[in-house]
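Chemist: Structure below; questions to follow.
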Amino acid sequence: MKTINWKDVIKKAVIYLIVGSGALLMIVPFLWMLSSSLQTSHQVNLRPPVWFPNPPQWGNYQRILHYAPYFPRYFLNNIIVASVGTILELSTSILAAFAFSRLKFWGRDVVFYILLATMMIPAEIMLIPNFLTIVRLGWLDTYQALIIPWSASILSIFLLRQFFLGIPDSLSHAAKVDGCRNFRFLWAVMVPLARPALVTIALLSIISSWNAFLWPLIVTNSHNMRTLPLGLALFRGEAGTFFELLMAASVVVVLPMVILFVIMQKHIVASVSRSGLKG
Amino acid sequence: MDVHLKNITMSFQSAGSNVIAVNNFSATIKSGEMVSLLGPSGCGKSTTLMMLAGLYRPTEGQIFFGDTDVTKVDAEKRGIGMVFQNYALYPHMSVYKNIMFPLKMMKVKKPEANKKVEEVARLVQIEHLLDRKPAQLSGGQQQRVAIARALVKEPKLLLLDEPLSNLDARLRLETREEIRRIQLKVGITAVFVTHDQEEAMSISDRIILMKDGLLQQVSPPQEMYRRPVNVFAAEFIGNPPINMLDNLPDYGGKLVGIRAEHFHVSDAGMFQGEVTHMETIGRDTLIRVTGANGVSVRTFADAETRVRLGDAVHLSVKPENIHVFDKTSGERVGEGA
């Protein structure tokens with residue numbers, strides 16, 4: 001007969017309880033957002049809250065456009081800024097990481113450590129100088145202003161450099177003997193091998209760009225250049241907040257990130273555990 | 001294609017001090033021969049290979065491929081094949097793509113390249129593995145792939161950097177024979193770096209023995225075994241190691257080297273002592289004989305003589321098998337008399 005090991009059962013129960021309550025804590029605000037987005041403006045303000053609106057107000061999603069007609073444009077802007085920015089960040093990271101890990105030049109490590117040290121400067125300190133630079137360049141209210149300042153990241157360079165350093169020298173020697181120059185070696189061998197690290201970098205870049213609020217707020221004025229997080233602010237008027245619409249819009253904003261996460265889940269876990277980065 | 005190394009010196013800056021890895025080294029590797037660069041770790045053999053490959057640039061001296069001075073030619077342009085200790089296969093590419101890679105760099109046309117890959121795969125007997133990734137192969141198979149990749153562009157010179165060190169003993173023997181078979185079949189000039197004297201003895205036409213960046217001896221394996229030019233060469237080559245005796249009656253002020261198999265247990269001889277250790281490995285019985293002054297030598301016991309532990313024995317040796325070295329310089333000064 002199989003005996004029940006009570007110690008194991010209790011241990012498991014405790015673990016599930018802790019993990020489960022953590023999961024609940026994460027998902028409740030999300031469900032609340034979803035539920036609120038389907039309620040009437042009256043239901044949203046009820047105490048105790050309504051969890052299952054009946055009938056669900058799908059019309060809220062149409063009304064987003066009524067209150068914020070530029071919403072599709074914001075969406076497009078977000079996609080442009082996030083994708084172009086991420087591609088640029090990947091390119092600069094790959095090139096810089098290659099230089100800092102494989103090329104030999106005078107002062108290489110010193111330069112790298114100086115760059116690394118800049119990570120200790122809080123982003124807020126850089127806000128005004130960056131803004132002034134954008135103004136001087138005449139880039140206010142342009143895509144360049146939204147993208148260029150974020151097209152290189154020291155963290156990404158650092159992550160990738162560490163990954164590149166882990167690739168054995170003999171591989172680059174073999175490639176050289178095979179007739180492959182540095183640049184070709186980078187694209188044909190290093191980049192494919194660094195895919196886990198590149199996925200991490202791409203995801204971090206997409207998420208931070210997608211959710212960016214402060215920088216787009218100060219460098220854009222027109223509806224044509226604004227991004228989604230700014231768009232959400234439109235639902236908070238002087239006369240009060242349209243919570244059901246704000247929540248519906250929030251669902252629209254969050255949805256692409258959720259889909260991205262579901263698709264990339266396996267890669268994210270693999271890359272985070274491989275790169276030793278805590279997400 | 002003959003390869004000439006002329007007065008090669010290579011020094012590295014390491015922690016502020018200047019380390020000379022290879023010191024005024026000259027050698028010639030003849031066309032079609034397999035030469036081993038042999039020596040203990042840190043003797044400069046791998047550095048020499050790297051300079052032949054063009055991956056390191058010598059501080060001084062010149063390297064010639066045939067009549068062409070290639071000293072300043074980059075590795076990419078030298079047209080050599082190289083096999084590494086850890087195989088250095090591209091992990092994300094299939095075996096087929098790995099072998100194809102050098103041809104792709106040379107922009108060889110697809111049909112011709114396909115044919116070449118298949119040919120070389122047949123040569124190293126990995127035709128059935130072409131679709132696999134390197135991680136799905138055993139060490140021996142990976143090394144075959146590496147050899148195929150090195151040979152596919154039909155280089156004039158093949159460099160092998162300790163290609164057997166990561167293999168287990170049985171596979172090492174097998175791959176060693178395989179490398180020699182392929183080298184003879186292709187007729188390519190090859191340089192083989194190893195720290196294992198047995199490997200060097202078995203595989204090469206000639207051995208270049210190095211120590212501390214300095215060339216010690218260049219000769220065919222058997223000659224190096226029979227006529228070591230100095231104490232280092234005598235001690236490095238051969239297993240069990242040569243017996244080095246000091247202050248023998250007839251050889252005052254000299255060092256005397258006698259290989260284990262050249263001693264014979266007999267009724268009278270130059271060395272006498274007690275059998276203090278015996279071990280039988282396969283067909284050989286290795287014994288250790290310790291003399292009255294505490295000096296001991298290793299030798300083999302014949303099956304007929306039936307020595308036992310504790311026996312008092314005499315060991316004789318033919319004069320031509322006695323190597324005499326100068327005590328201070330370590331240089332060979334002659335044979336026994």
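Residues are named by chain letter and number: chains run A, B, ... in the order of the structure tokens, numbers start at 1 in each chain, and ligands are numbered from 1 in the order shown.
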Can you pull out every residue within 9 Å of range 208-213 of chain A, counting only C-alpha atoms, but drop anything in the same chain fewer than 2 positions away, and send it as a ChimeraX atom specification?
Modeler: /A:78-79,81-83,85-86,147,150,203-206,215-218,227-230,253,257
Chemist: Using only C-alpha atoms, determine which residues of chain A fall within 8 Å of chain B; present them as a PDB file with N, CA and C atoms, in the first residue's frame.
Modeler:
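And here is the file that came out, result-v8.pdb:
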ATOM      1  N   SER A 170      38.575  29.917 -29.852  1.00  0.00           N
ATOM      2  CA  SER A 170      38.911  29.001 -30.940  1.00  0.00           C
ATOM      3  C   SER A 170      37.880  29.107 -32.069  1.00  0.00           C
ATOM      4  N   LEU A 171      36.649  29.485 -31.710  1.00  0.00           N
ATOM      5  CA  LEU A 171      35.613  29.630 -32.733  1.00  0.00           C
ATOM      6  C   LEU A 171      35.957  30.775 -33.691  1.00  0.00           C
ATOM      7  N   HIS A 173      38.995  31.890 -34.133  1.00  0.00           N
ATOM      8  CA  HIS A 173      40.189  31.448 -34.853  1.00  0.00           C
ATOM      9  C   HIS A 173      39.805  30.561 -36.030  1.00  0.00           C
ATOM     10  N   ALA A 174      38.884  29.624 -35.765  1.00  0.00           N
ATOM     11  CA  ALA A 174      38.437  28.719 -36.820  1.00  0.00           C
ATOM     12  C   ALA A 174      37.829  29.518 -37.970  1.00  0.00           C
ATOM     13  N   LYS A 176      38.398  32.600 -38.789  1.00  0.00           N
ATOM     14  CA  LYS A 176      39.440  33.343 -39.507  1.00  0.00           C
ATOM     15  C   LYS A 176      40.169  32.437 -40.479  1.00  0.00           C
ATOM     16  N   VAL A 177      40.545  31.257 -39.985  1.00  0.00           N
ATOM     17  CA  VAL A 177      41.241  30.299 -40.845  1.00  0.00           C
ATOM     18  C   VAL A 177      40.347  29.892 -42.021  1.00  0.00           C
ATOM     19  N   ASP A 178      39.049  29.816 -41.757  1.00  0.00           N
ATOM     20  CA  ASP A 178      38.103  29.473 -42.826  1.00  0.00           C
ATOM     21  C   ASP A 178      37.911  30.619 -43.822  1.00  0.00           C
ATOM     22  N   GLY A 179      38.543  31.739 -43.566  1.00  0.00           N
ATOM     23  CA  GLY A 179      38.489  32.838 -44.530  1.00  0.00           C
ATOM     24  C   GLY A 179      37.430  33.871 -44.230  1.00  0.00           C
ATOM     25  N   CYS A 180      37.059  33.987 -42.947  1.00  0.00           N
ATOM     26  CA  CYS A 180      35.945  34.834 -42.562  1.00  0.00           C
ATOM     27  C   CYS A 180      36.478  36.045 -41.803  1.00  0.00           C
ATOM     28  N   ARG A 181      36.128  37.249 -42.267  1.00  0.00           N
ATOM     29  CA  ARG A 181      36.621  38.438 -41.575  1.00  0.00           C
ATOM     30  C   ARG A 181      35.716  38.758 -40.395  1.00  0.00           C
ATOM     31  N   VAL A 189      28.227  33.882 -37.087  1.00  0.00           N
ATOM     32  CA  VAL A 189      28.464  32.972 -35.962  1.00  0.00           C
ATOM     33  C   VAL A 189      28.008  33.560 -34.621  1.00  0.00           C
ATOM     34  N   PRO A 192      23.925  34.471 -34.314  1.00  0.00           N
ATOM     35  CA  PRO A 192      23.053  33.304 -34.117  1.00  0.00           C
ATOM     36  C   PRO A 192      23.265  32.637 -32.758  1.00  0.00           C
ATOM     37  N   LEU A 193      24.517  32.606 -32.301  1.00  0.00           N
ATOM     38  CA  LEU A 193      24.787  31.961 -31.023  1.00  0.00           C
ATOM     39  C   LEU A 193      24.218  32.766 -29.856  1.00  0.00           C
TER      40      LEU A 193
END
Chemist: If we count only C-alpha atoms, what is near Phe163 in chain A at a cut-off of 10 Å, once residues fewer than 6 positions away on the same chain are taken out, given as a list in words?
Modeler: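 Selected residues are Ala97, Ser101, Ile157, Met190, Leu193, Ala194, Arg195, Pro196, Ala197, Leu198, Arg274 and Ser275 of chain A.
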Chemist: Next, the residues of the selection above should be written as a PDB file, in the first residue's frame with C-alpha atoms.
Modeler:
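That gives us result.pdb:
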ATOM      1  CA  ALA A  97      29.471  44.335 -27.615  1.00  0.00           C
ATOM      2  CA  SER A 101      34.648  41.725 -26.366  1.00  0.00           C
ATOM      3  CA  ILE A 157      25.717  46.199 -24.443  1.00  0.00           C
ATOM      4  CA  MET A 190      28.235  35.296 -32.967  1.00  0.00           C
ATOM      5  CA  LEU A 193      24.787  31.961 -31.023  1.00  0.00           C
ATOM      6  CA  ALA A 194      23.728  34.956 -28.938  1.00  0.00           C
ATOM      7  CA  ARG A 195      20.035  34.554 -29.752  1.00  0.00           C
ATOM      8  CA  PRO A 196      18.948  33.996 -26.138  1.00  0.00           C
ATOM      9  CA  ALA A 197      20.675  37.210 -25.064  1.00  0.00           C
ATOM     10  CA  LEU A 198      19.286  39.079 -28.072  1.00  0.00           C
ATOM     11  CA  ARG A 274      20.745  31.719 -19.273  1.00  0.00           C
ATOM     12  CA  SER A 275      21.766  35.328 -18.936  1.00  0.00           C
TER      13      SER A 275
END
Chemist: With distances taken over only C-alpha atoms, which residue among A:Ile154, A:Leu88, A:Leu116, A:Ala249 lies nearest Ala233 in chain A?
Modeler: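 Answer, going by the shortest atom-to-atom distance: A:Ala249.
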Chemist: Residues near Phe263 in chain B, anyone? I mean within 7 Å using only C-alpha atoms, not counting same-chain ones fewer than 2 positions away, as a compact mmCIF listing (two decimals) with N, CA and C atoms, in the first residue's frame.
Modeler:
# COMPACT_ATOMS: atom_id res chain seq x y z
N ALA B 260 65.08 1.52 -20.48
CA ALA B 260 64.71 0.35 -19.68
C ALA B 260 64.93 -0.95 -20.45
N GLU B 261 64.57 -0.95 -21.75
CA GLU B 261 64.64 -2.21 -22.49
C GLU B 261 66.07 -2.60 -22.86
N VAL B 265 68.90 -8.65 -17.57
CA VAL B 265 69.23 -9.36 -16.34
C VAL B 265 70.21 -10.47 -16.71
N THR B 299 63.68 -1.55 -15.59
CA THR B 299 63.99 -2.37 -16.75
C THR B 299 62.89 -3.41 -16.93
N LEU B 315 72.63 -6.32 -13.92
CA LEU B 315 72.08 -5.82 -15.18
C LEU B 315 73.23 -5.47 -16.10
N SER B 316 73.14 -5.98 -17.34
CA SER B 316 74.19 -5.65 -18.30
C SER B 316 73.57 -4.80 -19.41
N VAL B 317 74.43 -4.09 -20.11
CA VAL B 317 73.95 -3.24 -21.18
C VAL B 317 75.03 -3.14 -22.26
Chemist: Please compute the CA of Lys30 in chain B-CA of Met1 in chain B distance, one decimal, in Å.
Modeler: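 Distance reported for this atom pair: 7.0 Å.
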Chemist: Can you list, as a ChimeraX atom specification, all residues belonging to range 88-205 of chain A that DSSP tags as alpha helix (DSSP H)?
Modeler: /A:88-101,108-117,123-137,143-147,154-165,169-177,182-185,191-193,195-205
Chemist: If you run DSSP on the backbone, which residues of range 35-239 of chain B are strand (DSSP E), as number ranges by chain?
Modeler: B: 35-38, 60-65, 68-69, 81-83, 157-161, 189-194, 206-211, 214-219
Chemist: Would you please work out which residue, of B:Ala15, B:Leu164, B:Leu38, B:Ala292, is nearest to Leu214 in chain B when using only C-alpha atoms?
Modeler: B:Leu38
Chemist: Expressed in Å to a single decimal, how great is the separation between CA of Ile258 in chain B and CA of Ile322 in chain B?
Modeler: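 A separation of 5.4 Å between them.
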Chemist: Extract, using only C-alpha atoms, all DNA, RNA and protein residues at most 10 Å from Ser222 in chain A, discarding same-chain residues fewer than 4 positions from it, and format them as a VMD selection string.
Modeler: chain A and resid 141 to 142 226
Chemist: For CA of Val35 in chain B and CA of Glu60 in chain B, quote the distance in Å rounded to one decimal.
Modeler: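 Result for CA of Val35 in chain B versus CA of Glu60 in chain B: 22.7 Å, one decimal.
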Chemist: Within 10 Å of Trp58 in chain A, counting only C-alpha atoms, which residues show up once you throw out same-chain ones fewer than 4 positions away? Write them as a PyMOL selection string, please.
Modeler: chain A and resi 37-40+62-63+248
Chemist: Skip range 267-283 of chain B itself and residues of its chain fewer than 2 positions away, then list as a PyMOL selection string all residues within 10 Å of it, counting only C-alpha atoms.
Modeler: chain B and resi 248-250+263-265+285-303+307-318
